$ cat work23.pdb   # PDB, C-alpha atoms
ATOM      1  CA  MET A   1       0.000   0.000   0.000
ATOM      2  CA  ALA A   2       1.165   3.514  -0.781
ATOM      3  CA  LEU A   3       2.576   5.492   2.118
ATOM      4  CA  ILE A   4       3.999   8.900   3.002
ATOM      5  CA  ARG A   5       6.073   9.095   6.188
ATOM      6  CA  ASN A   6       8.321  11.990   7.246
ATOM      7  CA  ILE A   7      11.771  11.203   8.623
ATOM      8  CA  ASP A   8      11.091  13.583  11.534
ATOM      9  CA  ASP A   9       7.916  11.715  12.536
ATOM     10  CA  VAL A  10       9.317   8.236  13.189
ATOM     11  CA  GLU A  11      10.695   6.748  16.349
ATOM     12  CA  MET A  12      14.399   5.930  16.170
ATOM     13  CA  SER A  13      15.658   2.768  17.894
ATOM     14  CA  PRO A  14      19.251   2.301  19.057
ATOM     15  CA  VAL A  15      21.301   0.131  16.714
ATOM     16  CA  GLN A  16      22.542  -2.741  18.851
ATOM     17  CA  MET A  17      25.437  -4.356  17.063
ATOM     18  CA  GLU A  18      29.000  -4.963  18.108
ATOM     19  CA  GLY A  19      31.188  -2.030  17.099
ATOM     20  CA  VAL A  20      28.374   0.573  17.071
ATOM     21  CA  GLN A  21      28.463   3.795  19.072
ATOM     22  CA  GLY A  22      25.655   6.351  19.241
ATOM     23  CA  ALA A  23      23.657   5.175  16.226
ATOM     24  CA  SER A  24      19.889   4.835  15.893
ATOM     25  CA  MET A  25      17.656   3.674  13.072
ATOM     26  CA  ALA A  26      14.071   3.763  11.843
ATOM     27  CA  MET A  27      12.541   1.769   9.014
ATOM     28  CA  MET A  28      10.957   4.123   6.464
ATOM     29  CA  VAL A  29       9.887   1.653   3.756
ATOM     30  CA  GLY A  30      10.513  -2.047   4.244
ATOM     31  CA  ARG A  31       9.261  -5.560   3.737
ATOM     32  CA  ALA A  32       6.493  -4.958   6.284
ATOM     33  CA  ASP A  33       5.201  -2.167   4.021
ATOM     34  CA  GLY A  34       5.194  -4.502   1.029
ATOM     35  CA  ALA A  35       8.434  -3.260  -0.551
ATOM     36  CA  PRO A  36       9.337  -6.090  -2.937
ATOM     37  CA  HIS A  37      12.964  -5.321  -3.814
ATOM     38  CA  PHE A  38      14.663  -2.836  -1.491
ATOM     39  CA  ALA A  39      14.206  -1.133   1.859
ATOM     40  CA  MET A  40      14.771   2.480   3.016
ATOM     41  CA  ARG A  41      16.121   3.031   6.525
ATOM     42  CA  SER A  42      16.850   6.323   8.310
ATOM     43  CA  PHE A  43      19.963   6.518  10.495
ATOM     44  CA  ARG A  44      21.288   9.058  12.979
ATOM     45  CA  VAL A  45      24.803   8.923  14.345
ATOM     46  CA  GLU A  46      25.602  11.213  17.282
ATOM     47  CA  ALA A  47      28.624  13.503  17.177
ATOM     48  CA  GLY A  48      31.670  11.263  17.599
ATOM     49  CA  GLY A  49      29.652   8.071  17.086
ATOM     50  CA  HIS A  50      30.015   5.454  14.382
ATOM     51  CA  THR A  51      28.461   2.432  12.707
ATOM     52  CA  PRO A  52      30.277  -0.932  12.775
ATOM     53  CA  LYS A  53      33.281  -1.476  10.546
ATOM     54  CA  HIS A  54      32.045  -4.441   8.562
ATOM     55  CA  SER A  55      31.114  -5.921   5.210
ATOM     56  CA  HIS A  56      28.250  -8.131   4.048
ATOM     57  CA  ASP A  57      26.941  -9.872   0.962
ATOM     58  CA  TYR A  58      24.622  -7.039  -0.150
ATOM     59  CA  GLU A  59      25.145  -3.475  -1.300
ATOM     60  CA  HIS A  60      24.180  -0.110   0.214
ATOM     61  CA  GLU A  61      22.971   3.002  -1.528
ATOM     62  CA  VAL A  62      23.184   5.976   0.833
ATOM     63  CA  TYR A  63      22.045   9.607   0.862
ATOM     64  CA  ILE A  64      23.512  12.018   3.427
ATOM     65  CA  VAL A  65      20.566  14.049   4.737
ATOM     66  CA  GLU A  66      22.364  16.228   7.299
ATOM     67  CA  GLY A  67      25.724  16.753   8.923
ATOM     68  CA  THR A  68      29.252  15.797   8.098
ATOM     69  CA  GLY A  69      31.522  12.880   8.847
ATOM     70  CA  GLU A  70      33.631  10.226   7.203
ATOM     71  CA  ILE A  71      33.064   6.936   5.472
ATOM     72  CA  LEU A  72      35.530   4.089   5.248
ATOM     73  CA  LEU A  73      35.474   3.030   1.603
ATOM     74  CA  ASP A  74      38.184   1.559  -0.635
ATOM     75  CA  GLY A  75      40.343   1.154   2.468
ATOM     76  CA  GLN A  76      40.438   4.831   3.455
ATOM     77  CA  TYR A  77      38.316   7.323   5.375
ATOM     78  CA  ARG A  78      36.795   9.892   3.038
ATOM     79  CA  PRO A  79      34.851  13.033   4.059
ATOM     80  CA  ILE A  80      31.075  13.019   3.549
ATOM     81  CA  ARG A  81      28.538  15.820   3.773
ATOM     82  CA  HIS A  82      24.948  16.817   3.083
ATOM     83  CA  GLY A  83      23.884  15.875  -0.431
ATOM     84  CA  ASP A  84      26.387  13.076  -0.951
ATOM     85  CA  THR A  85      25.132   9.882  -2.538
ATOM     86  CA  ILE A  86      27.217   6.794  -1.897
ATOM     87  CA  TYR A  87      27.388   3.340  -3.421
ATOM     88  CA  VAL A  88      28.910   0.646  -1.216
ATOM     89  CA  PRO A  89      29.221  -2.581  -3.238
ATOM     90  CA  ALA A  90      28.560  -5.953  -1.609
ATOM     91  CA  ASP A  91      31.497  -7.394   0.361
ATOM     92  CA  GLU A  92      33.217  -3.980   0.638
ATOM     93  CA  GLU A  93      34.344  -3.025   4.149
ATOM     94  CA  HIS A  94      32.728   0.231   5.263
ATOM     95  CA  GLN A  95      32.031   2.356   8.335
ATOM     96  CA  PHE A  96      30.277   5.685   8.915
ATOM     97  CA  LYS A  97      31.742   8.102  11.460
ATOM     98  CA  ALA A  98      29.893  11.257  12.515
ATOM     99  CA  GLY A  99      31.670  14.606  12.765
ATOM    100  CA  THR A 100      31.129  17.202  15.466
ATOM    101  CA  ASP A 101      27.582  17.999  14.322
ATOM    102  CA  GLY A 102      26.411  14.406  13.939
ATOM    103  CA  LEU A 103      25.292  12.610  10.821
ATOM    104  CA  ARG A 104      21.911  11.710   9.440
ATOM    105  CA  PHE A 105      21.502   9.512   6.373
ATOM    106  CA  LEU A 106      19.224   7.207   4.446
ATOM    107  CA  CYS A 107      20.595   3.738   3.725
ATOM    108  CA  PHE A 108      18.936   1.482   1.163
ATOM    109  CA  VAL A 109      19.438  -2.278   1.031
ATOM    110  CA  PRO A 110      17.995  -5.065  -1.106
ATOM    111  CA  VAL A 111      15.423  -7.068   0.877
ATOM    112  CA  GLU A 112      17.150 -10.328  -0.080
ATOM    113  CA  ARG A 113      20.808 -11.081   0.455
ATOM    114  CA  ASN A 114      22.780 -12.004  -2.624
ATOM    115  CA  CYS A 115      23.499 -15.411  -1.123
ATOM    116  CA  GLY A 116      19.882 -16.019  -0.073
ATOM    117  CA  GLY A 117      17.705 -15.132   2.901
ATOM    118  CA  ASP A 118      16.265 -11.877   4.220
ATOM    119  CA  THR A 119      18.572  -8.885   4.646
ATOM    120  CA  PRO A 120      18.726  -7.891   8.340
ATOM    121  CA  GLY A 121      16.920  -4.582   8.884
ATOM    122  CA  SER A 122      14.850  -4.654   5.722
TER
ATOM    123  CA  MET B   1      33.071   0.068  -7.677
ATOM    124  CA  ALA B   2      32.378   2.281  -4.655
ATOM    125  CA  LEU B   3      31.460   5.889  -5.399
ATOM    126  CA  ILE B   4      30.613   9.170  -3.685
ATOM    127  CA  ARG B   5      28.784  11.759  -5.787
ATOM    128  CA  ASN B   6      27.065  14.912  -4.517
ATOM    129  CA  ILE B   7      23.617  15.787  -5.858
ATOM    130  CA  ASP B   8      24.819  19.363  -6.461
ATOM    131  CA  ASP B   9      27.724  18.192  -8.634
ATOM    132  CA  VAL B  10      25.870  16.302 -11.354
ATOM    133  CA  GLU B  11      24.458  17.555 -14.607
ATOM    134  CA  MET B  12      20.673  17.375 -14.820
ATOM    135  CA  SER B  13      19.058  16.425 -18.130
ATOM    136  CA  PRO B  14      15.513  17.406 -19.099
ATOM    137  CA  VAL B  15      13.022  14.568 -18.695
ATOM    138  CA  GLN B  16      11.480  14.111 -22.112
ATOM    139  CA  MET B  17       8.281  12.148 -21.715
ATOM    140  CA  GLU B  18       4.736  12.942 -22.688
ATOM    141  CA  GLY B  19       2.959  14.743 -19.851
ATOM    142  CA  VAL B  20       6.126  16.188 -18.258
ATOM    143  CA  GLN B  21       6.641  19.891 -17.586
ATOM    144  CA  GLY B  22       9.799  21.439 -16.155
ATOM    145  CA  ALA B  23      11.419  18.261 -14.833
ATOM    146  CA  SER B  24      15.076  17.222 -15.024
ATOM    147  CA  MET B  25      16.939  14.154 -13.840
ATOM    148  CA  ALA B  26      20.428  12.861 -13.071
ATOM    149  CA  MET B  27      21.462   9.284 -12.403
ATOM    150  CA  MET B  28      23.226   9.061  -9.023
ATOM    151  CA  VAL B  29      23.751   5.284  -8.739
ATOM    152  CA  GLY B  30      22.607   3.009 -11.540
ATOM    153  CA  ARG B  31      23.302  -0.078 -13.583
ATOM    154  CA  ALA B  32      26.255   1.652 -15.238
ATOM    155  CA  ASP B  33      27.815   1.979 -11.771
ATOM    156  CA  GLY B  34      27.305  -1.720 -11.117
ATOM    157  CA  ALA B  35      24.201  -1.397  -8.922
ATOM    158  CA  PRO B  36      22.757  -4.910  -8.995
ATOM    159  CA  HIS B  37      19.246  -4.392  -7.613
ATOM    160  CA  PHE B  38      18.071  -0.782  -7.570
ATOM    161  CA  ALA B  39      18.970   2.647  -8.945
ATOM    162  CA  MET B  40      19.013   6.118  -7.361
ATOM    163  CA  ARG B  41      17.987   9.069  -9.511
ATOM    164  CA  SER B  42      17.869  12.786  -8.590
ATOM    165  CA  PHE B  43      14.937  14.858  -9.893
ATOM    166  CA  ARG B  44      14.165  18.562  -9.970
ATOM    167  CA  VAL B  45      10.753  19.909 -10.864
ATOM    168  CA  GLU B  46      10.487  23.669 -11.468
ATOM    169  CA  ALA B  47       7.824  25.712  -9.694
ATOM    170  CA  GLY B  48       4.512  24.829 -11.326
ATOM    171  CA  GLY B  49       6.008  21.843 -13.186
ATOM    172  CA  HIS B  50       5.095  18.189 -12.914
ATOM    173  CA  THR B  51       6.067  14.629 -13.779
ATOM    174  CA  PRO B  52       3.776  12.512 -15.968
ATOM    175  CA  LYS B  53       0.602  11.069 -14.496
ATOM    176  CA  HIS B  54       1.259   7.395 -15.090
ATOM    177  CA  SER B  55       1.753   3.927 -13.664
ATOM    178  CA  HIS B  56       4.178   1.111 -14.448
ATOM    179  CA  ASP B  57       5.057  -2.420 -13.403
ATOM    180  CA  TYR B  58       7.681  -1.443 -10.807
ATOM    181  CA  GLU B  59       7.636   0.461  -7.554
ATOM    182  CA  HIS B  60       9.183   3.782  -6.470
ATOM    183  CA  GLU B  61      10.747   4.701  -3.168
ATOM    184  CA  VAL B  62      11.124   8.468  -2.902
ATOM    185  CA  TYR B  63      12.791  10.969  -0.569
ATOM    186  CA  ILE B  64      11.856  14.666  -0.778
ATOM    187  CA  VAL B  65      15.142  16.577  -0.564
ATOM    188  CA  GLU B  66      13.855  20.150  -0.897
ATOM    189  CA  GLY B  67      10.710  22.120  -1.562
ATOM    190  CA  THR B  68       7.029  21.399  -1.388
ATOM    191  CA  GLY B  69       4.395  20.110  -3.764
ATOM    192  CA  GLU B  70       1.814  17.413  -4.183
ATOM    193  CA  ILE B  71       1.771  13.774  -5.132
ATOM    194  CA  LEU B  72      -1.098  11.916  -6.723
ATOM    195  CA  LEU B  73      -1.408   8.693  -4.750
ATOM    196  CA  ASP B  74      -4.433   6.534  -3.914
ATOM    197  CA  GLY B  75      -6.450   8.658  -6.350
ATOM    198  CA  GLN B  76      -5.914  12.001  -4.618
ATOM    199  CA  TYR B  77      -3.334  14.778  -4.508
ATOM    200  CA  ARG B  78      -1.583  14.856  -1.136
ATOM    201  CA  PRO B  79       0.865  17.530   0.092
ATOM    202  CA  ILE B  80       4.564  16.594   0.249
ATOM    203  CA  ARG B  81       7.496  18.410   1.806
ATOM    204  CA  HIS B  82      11.155  18.135   2.766
ATOM    205  CA  GLY B  83      11.854  14.935   4.672
ATOM    206  CA  ASP B  84       8.920  12.933   3.340
ATOM    207  CA  THR B  85       9.594   9.357   2.312
ATOM    208  CA  ILE B  86       7.106   7.860  -0.112
ATOM    209  CA  TYR B  87       6.339   4.358  -1.281
ATOM    210  CA  VAL B  88       4.551   4.091  -4.629
ATOM    211  CA  PRO B  89       3.647   0.433  -5.265
ATOM    212  CA  ALA B  90       3.875  -1.031  -8.773
ATOM    213  CA  ASP B  91       0.882  -0.316 -11.015
ATOM    214  CA  GLU B  92      -0.287   2.601  -8.842
ATOM    215  CA  GLU B  93      -1.067   5.817 -10.730
ATOM    216  CA  HIS B  94       1.082   8.695  -9.478
ATOM    217  CA  GLN B  95       2.275  12.188 -10.371
ATOM    218  CA  PHE B  96       4.546  14.736  -8.674
ATOM    219  CA  LYS B  97       3.616  18.423  -8.862
ATOM    220  CA  ALA B  98       5.981  21.147  -7.651
ATOM    221  CA  GLY B  99       4.734  24.014  -5.495
ATOM    222  CA  THR B 100       5.819  27.630  -5.796
ATOM    223  CA  ASP B 101       9.371  26.911  -4.623
ATOM    224  CA  GLY B 102       9.964  23.875  -6.821
ATOM    225  CA  LEU B 103      10.617  20.313  -5.755
ATOM    226  CA  ARG B 104      13.745  18.216  -5.527
ATOM    227  CA  PHE B 105      13.642  14.504  -4.747
ATOM    228  CA  LEU B 106      15.434  11.198  -5.001
ATOM    229  CA  CYS B 107      13.509   8.393  -6.697
ATOM    230  CA  PHE B 108      14.650   4.779  -6.411
ATOM    231  CA  VAL B 109      13.581   2.028  -8.797
ATOM    232  CA  PRO B 110      14.471  -1.644  -9.163
ATOM    233  CA  VAL B 111      16.814  -2.148 -12.117
ATOM    234  CA  GLU B 112      14.579  -4.902 -13.496
ATOM    235  CA  ARG B 113      10.884  -4.547 -14.175
ATOM    236  CA  ASN B 114       8.602  -6.976 -12.391
ATOM    237  CA  CYS B 115       7.476  -8.380 -15.723
ATOM    238  CA  GLY B 116      11.009  -8.646 -17.150
ATOM    239  CA  GLY B 117      13.466  -6.317 -18.887
ATOM    240  CA  ASP B 118      15.457  -3.287 -17.785
ATOM    241  CA  THR B 119      13.655  -0.490 -15.955
ATOM    242  CA  PRO B 120      13.862   2.758 -18.017
ATOM    243  CA  GLY B 121      16.150   5.246 -16.289
ATOM    244  CA  SER B 122      18.030   2.764 -14.140
TER
END

$ encode --input "work23.pdb" --output "C-alpha cells"
Amino acid sequence: MALIRNIDDVEMSPVQMEGVQGASMAMMVGRADGAPHFAMRSFRVEAGGHTPKHSHDYEHEVYIVEGTGEILLDGQYRPIRHGDTIYVPADEEHQFKAGTDGLRFLCFVPVERNCGGDTPGS
Amino acid sequence: MALIRNIDDVEMSPVQMEGVQGASMAMMVGRADGAPHFAMRSFRVEAGGHTPKHSHDYEHEVYIVEGTGEILLDGQYRPIRHGDTIYVPADEEHQFKAGTDGLRFLCFVPVERNCGGDTPGS
C-alpha cells in the first residue's frame, strides 16, 4: 500500500550491534510495508559516534541528509557531507563516522541477500 | 566500484516524456555503476512543473530533498514536503507536482521490471 512518512515523525531505535556507538535507526519503507525489492532506513549517528566497521553480501545506496563525517570506503576514510550519494558494493568493508555535528543519512538495502535469505533490517 | 557523488555536482538532463513539464533528472547510482538491484535518480521539478501522471510495473521509493508540492497517490493529490519518504507500489497511478518553490527529490527504482526487462532510467 502507498505510504507517506516523514523522517522527523518516526521513532528511532538504538542500533545494537558490536562495534556501534551512538547510532539509531528507523525503518521508512521495508518488507512490512510490502516493498518487494529494497528497503529504506533512516539513520542518525551522534557527534563522535560510528556504525560498525564491517562488510556483508549485499550493497548499500546511501544519501547524506544532514551533517558531516567520514566513510571508510576503498580502504580509506573519506569526508562526507549533506547531499552526498554513496554506493557501497557488496562485500566492501565500510564504516560511517559522525563529525562534530552528527550525521543523518538514508541507507537502502535489497530485501534479499545475494546469497539467499532476508537482509537484516529490511 | 564504490562511489561518492554529490547531488549538487551532477548535470541534470531534461526529462522528455509525454505529460512532463519542467522536470530534469540525473542518475546518481545506476546499472552503469554496477548497482545490482536498484537505482538512485535525482529529480528537480520547477515551480509549477510536474512529472507525468502514469503507472508502471515497478515500484518507487522516494525521498523529498527540498521544496514542497503534491503527489497523486491513492487517487488524490496529497501535500509533500522536505523529509517525506514515499512508497509508490507497482501499477499505482502517481504524479509529482511542484509548489511555488519547486521540488527536488530522489527516486529509487528496481533495475529490473517486475514483468522482465530493464527499468527505463536505471

$ resolve_selection --input "work23.pdb" --expression "the PyMOL selection byres ((chain A and resi 35) around 10)" --output "list of chain:residue names"
A:Met1, A:Ala2, A:Val29, A:Gly30, A:Arg31, A:Ala32, A:Asp33, A:Gly34, A:Pro36, A:His37, A:Phe38, A:Ala39, A:Met40, A:Pro110, A:Val111, A:Ser122, B:Glu59, B:His60, B:Glu61, B:Tyr87, B:Val88, B:Pro89, B:Ala90

$ closest_atom_pairs --input "work23.pdb" --of "stretch 48-97 of chain A" --to "stretch 101-108 of chain A" --cutoff "7 Å" --atoms "all atoms listed in the file" --output "JSON lines"
{"residue": "A:His60", "atom": "CA", "partner": "A:Phe108", "partner_atom": "CA", "distance": 5.6}
{"residue": "A:Glu61", "atom": "CA", "partner": "A:Phe108", "partner_atom": "CA", "distance": 5.1}
{"residue": "A:Val62", "atom": "CA", "partner": "A:Cys107", "partner_atom": "CA", "distance": 4.5}
{"residue": "A:Tyr63", "atom": "CA", "partner": "A:Leu106", "partner_atom": "CA", "distance": 5.2}
{"residue": "A:Ile64", "atom": "CA", "partner": "A:Phe105", "partner_atom": "CA", "distance": 4.4}
{"residue": "A:Val65", "atom": "CA", "partner": "A:Phe105", "partner_atom": "CA", "distance": 4.9}
{"residue": "A:Glu66", "atom": "CA", "partner": "A:Arg104", "partner_atom": "CA", "distance": 5.0}
{"residue": "A:Gly67", "atom": "CA", "partner": "A:Leu103", "partner_atom": "CA", "distance": 4.6}
{"residue": "A:Thr68", "atom": "CA", "partner": "A:Leu103", "partner_atom": "CA", "distance": 5.8}
{"residue": "A:Gly69", "atom": "CA", "partner": "A:Leu103", "partner_atom": "CA", "distance": 6.5}

$ resolve_selection --input "work23.pdb" --expression "the PyMOL selection byres ((chain B and resi 46) around 12)" --output "VMD selection string"
chain B and resid 14 to 15 20 to 25 43 to 45 47 to 51 66 to 69 96 to 105

$ write_last_selection --input "work23.pdb" --atoms "C-alpha atoms" --output "mmCIF file, in the coordinates of the input"
data_model
loop_
_atom_site.group_PDB
_atom_site.id
_atom_site.type_symbol
_atom_site.label_atom_id
_atom_site.label_comp_id
_atom_site.auth_asym_id
_atom_site.auth_seq_id
_atom_site.Cartn_x
_atom_site.Cartn_y
_atom_site.Cartn_z
ATOM 1 C CA PRO B 14 15.513 17.406 -19.099
ATOM 2 C CA VAL B 15 13.022 14.568 -18.695
ATOM 3 C CA VAL B 20 6.126 16.188 -18.258
ATOM 4 C CA GLN B 21 6.641 19.891 -17.586
ATOM 5 C CA GLY B 22 9.799 21.439 -16.155
ATOM 6 C CA ALA B 23 11.419 18.261 -14.833
ATOM 7 C CA SER B 24 15.076 17.222 -15.024
ATOM 8 C CA MET B 25 16.939 14.154 -13.840
ATOM 9 C CA PHE B 43 14.937 14.858 -9.893
ATOM 10 C CA ARG B 44 14.165 18.562 -9.970
ATOM 11 C CA VAL B 45 10.753 19.909 -10.864
ATOM 12 C CA ALA B 47 7.824 25.712 -9.694
ATOM 13 C CA GLY B 48 4.512 24.829 -11.326
ATOM 14 C CA GLY B 49 6.008 21.843 -13.186
ATOM 15 C CA HIS B 50 5.095 18.189 -12.914
ATOM 16 C CA THR B 51 6.067 14.629 -13.779
ATOM 17 C CA GLU B 66 13.855 20.150 -0.897
ATOM 18 C CA GLY B 67 10.710 22.120 -1.562
ATOM 19 C CA THR B 68 7.029 21.399 -1.388
ATOM 20 C CA GLY B 69 4.395 20.110 -3.764
ATOM 21 C CA PHE B 96 4.546 14.736 -8.674
ATOM 22 C CA LYS B 97 3.616 18.423 -8.862
ATOM 23 C CA ALA B 98 5.981 21.147 -7.651
ATOM 24 C CA GLY B 99 4.734 24.014 -5.495
ATOM 25 C CA THR B 100 5.819 27.630 -5.796
ATOM 26 C CA ASP B 101 9.371 26.911 -4.623
ATOM 27 C CA GLY B 102 9.964 23.875 -6.821
ATOM 28 C CA LEU B 103 10.617 20.313 -5.755
ATOM 29 C CA ARG B 104 13.745 18.216 -5.527
ATOM 30 C CA PHE B 105 13.642 14.504 -4.747
#

$ closest_residue --input "work23.pdb" --among "A:Asp118, A:Asp8, A:Glu70, A:Asp91" --to "chain B" --atoms "all atoms listed in the file"
A:Asp8

$ closest_residue --input "work23.pdb" --among "A:Ile7, A:Met12, A:Leu72, A:Met27" --to "chain B" --atoms "only C-alpha atoms"
A:Ile7

$ closest_residue --input "work23.pdb" --among "B:Gly117, B:Thr85, B:Glu112, B:Asp74" --to "A:Ala26" --atoms "all atoms listed in the file"
B:Thr85

$ atom_distance --input "work23.pdb" --atom1 "atom CA of A:Gly121" --atom2 "atom CA of A:Arg78"
25.3 Å

$ closest_residue --input "work23.pdb" --among "B:Arg5, B:His54, B:Arg113, B:Arg41" --to "chain A" --atoms "all atoms listed in the file"
B:Arg5

$ atom_distance --input "work23.pdb" --atom1 "atom CA of A:Met17" --atom2 "atom CA of A:Val109"
17.2 Å

$ atom_distance --input "work23.pdb" --atom1 "atom CA of A:Leu73" --atom2 "atom CA of A:Tyr58"
14.9 Å

$ closest_residue --input "work23.pdb" --among "A:Gln95, A:Ser42, A:Ser55, A:Gln16" --to "chain B" --atoms "all atoms listed in the file"
A:Ser42

$ decode --input "work23.pdb" --residues "stretch 38-109 of chain A" --atoms "C-alpha atoms" --output "PDB file, in the first residue's frame"
ATOM      1  CA  PHE A  38      14.663  -2.836  -1.491  1.00  0.00           C
ATOM      2  CA  ALA A  39      14.206  -1.133   1.859  1.00  0.00           C
ATOM      3  CA  MET A  40      14.771   2.480   3.016  1.00  0.00           C
ATOM      4  CA  ARG A  41      16.121   3.031   6.525  1.00  0.00           C
ATOM      5  CA  SER A  42      16.850   6.323   8.310  1.00  0.00           C
ATOM      6  CA  PHE A  43      19.963   6.518  10.495  1.00  0.00           C
ATOM      7  CA  ARG A  44      21.288   9.058  12.979  1.00  0.00           C
ATOM      8  CA  VAL A  45      24.803   8.923  14.345  1.00  0.00           C
ATOM      9  CA  GLU A  46      25.602  11.213  17.282  1.00  0.00           C
ATOM     10  CA  ALA A  47      28.624  13.503  17.177  1.00  0.00           C
ATOM     11  CA  GLY A  48      31.670  11.263  17.599  1.00  0.00           C
ATOM     12  CA  GLY A  49      29.652   8.071  17.086  1.00  0.00           C
ATOM     13  CA  HIS A  50      30.015   5.454  14.382  1.00  0.00           C
ATOM     14  CA  THR A  51      28.461   2.432  12.707  1.00  0.00           C
ATOM     15  CA  PRO A  52      30.277  -0.932  12.775  1.00  0.00           C
ATOM     16  CA  LYS A  53      33.281  -1.476  10.546  1.00  0.00           C
ATOM     17  CA  HIS A  54      32.045  -4.441   8.562  1.00  0.00           C
ATOM     18  CA  SER A  55      31.114  -5.921   5.210  1.00  0.00           C
ATOM     19  CA  HIS A  56      28.250  -8.131   4.048  1.00  0.00           C
ATOM     20  CA  ASP A  57      26.941  -9.872   0.962  1.00  0.00           C
ATOM     21  CA  TYR A  58      24.622  -7.039  -0.150  1.00  0.00           C
ATOM     22  CA  GLU A  59      25.145  -3.475  -1.300  1.00  0.00           C
ATOM     23  CA  HIS A  60      24.180  -0.110   0.214  1.00  0.00           C
ATOM     24  CA  GLU A  61      22.971   3.002  -1.528  1.00  0.00           C
ATOM     25  CA  VAL A  62      23.184   5.976   0.833  1.00  0.00           C
ATOM     26  CA  TYR A  63      22.045   9.607   0.862  1.00  0.00           C
ATOM     27  CA  ILE A  64      23.512  12.018   3.427  1.00  0.00           C
ATOM     28  CA  VAL A  65      20.566  14.049   4.737  1.00  0.00           C
ATOM     29  CA  GLU A  66      22.364  16.228   7.299  1.00  0.00           C
ATOM     30  CA  GLY A  67      25.724  16.753   8.923  1.00  0.00           C
ATOM     31  CA  THR A  68      29.252  15.797   8.098  1.00  0.00           C
ATOM     32  CA  GLY A  69      31.522  12.880   8.847  1.00  0.00           C
ATOM     33  CA  GLU A  70      33.631  10.226   7.203  1.00  0.00           C
ATOM     34  CA  ILE A  71      33.064   6.936   5.472  1.00  0.00           C
ATOM     35  CA  LEU A  72      35.530   4.089   5.248  1.00  0.00           C
ATOM     36  CA  LEU A  73      35.474   3.030   1.603  1.00  0.00           C
ATOM     37  CA  ASP A  74      38.184   1.559  -0.635  1.00  0.00           C
ATOM     38  CA  GLY A  75      40.343   1.154   2.468  1.00  0.00           C
ATOM     39  CA  GLN A  76      40.438   4.831   3.455  1.00  0.00           C
ATOM     40  CA  TYR A  77      38.316   7.323   5.375  1.00  0.00           C
ATOM     41  CA  ARG A  78      36.795   9.892   3.038  1.00  0.00           C
ATOM     42  CA  PRO A  79      34.851  13.033   4.059  1.00  0.00           C
ATOM     43  CA  ILE A  80      31.075  13.019   3.549  1.00  0.00           C
ATOM     44  CA  ARG A  81      28.538  15.820   3.773  1.00  0.00           C
ATOM     45  CA  HIS A  82      24.948  16.817   3.083  1.00  0.00           C
ATOM     46  CA  GLY A  83      23.884  15.875  -0.431  1.00  0.00           C
ATOM     47  CA  ASP A  84      26.387  13.076  -0.951  1.00  0.00           C
ATOM     48  CA  THR A  85      25.132   9.882  -2.538  1.00  0.00           C
ATOM     49  CA  ILE A  86      27.217   6.794  -1.897  1.00  0.00           C
ATOM     50  CA  TYR A  87      27.388   3.340  -3.421  1.00  0.00           C
ATOM     51  CA  VAL A  88      28.910   0.646  -1.216  1.00  0.00           C
ATOM     52  CA  PRO A  89      29.221  -2.581  -3.238  1.00  0.00           C
ATOM     53  CA  ALA A  90      28.560  -5.953  -1.609  1.00  0.00           C
ATOM     54  CA  ASP A  91      31.497  -7.394   0.361  1.00  0.00           C
ATOM     55  CA  GLU A  92      33.217  -3.980   0.638  1.00  0.00           C
ATOM     56  CA  GLU A  93      34.344  -3.025   4.149  1.00  0.00           C
ATOM     57  CA  HIS A  94      32.728   0.231   5.263  1.00  0.00           C
ATOM     58  CA  GLN A  95      32.031   2.356   8.335  1.00  0.00           C
ATOM     59  CA  PHE A  96      30.277   5.685   8.915  1.00  0.00           C
ATOM     60  CA  LYS A  97      31.742   8.102  11.460  1.00  0.00           C
ATOM     61  CA  ALA A  98      29.893  11.257  12.515  1.00  0.00           C
ATOM     62  CA  GLY A  99      31.670  14.606  12.765  1.00  0.00           C
ATOM     63  CA  THR A 100      31.129  17.202  15.466  1.00  0.00           C
ATOM     64  CA  ASP A 101      27.582  17.999  14.322  1.00  0.00           C
ATOM     65  CA  GLY A 102      26.411  14.406  13.939  1.00  0.00           C
ATOM     66  CA  LEU A 103      25.292  12.610  10.821  1.00  0.00           C
ATOM     67  CA  ARG A 104      21.911  11.710   9.440  1.00  0.00           C
ATOM     68  CA  PHE A 105      21.502   9.512   6.373  1.00  0.00           C
ATOM     69  CA  LEU A 106      19.224   7.207   4.446  1.00  0.00           C
ATOM     70  CA  CYS A 107      20.595   3.738   3.725  1.00  0.00           C
ATOM     71  CA  PHE A 108      18.936   1.482   1.163  1.00  0.00           C
ATOM     72  CA  VAL A 109      19.438  -2.278   1.031  1.00  0.00           C
TER      73      VAL A 109
END
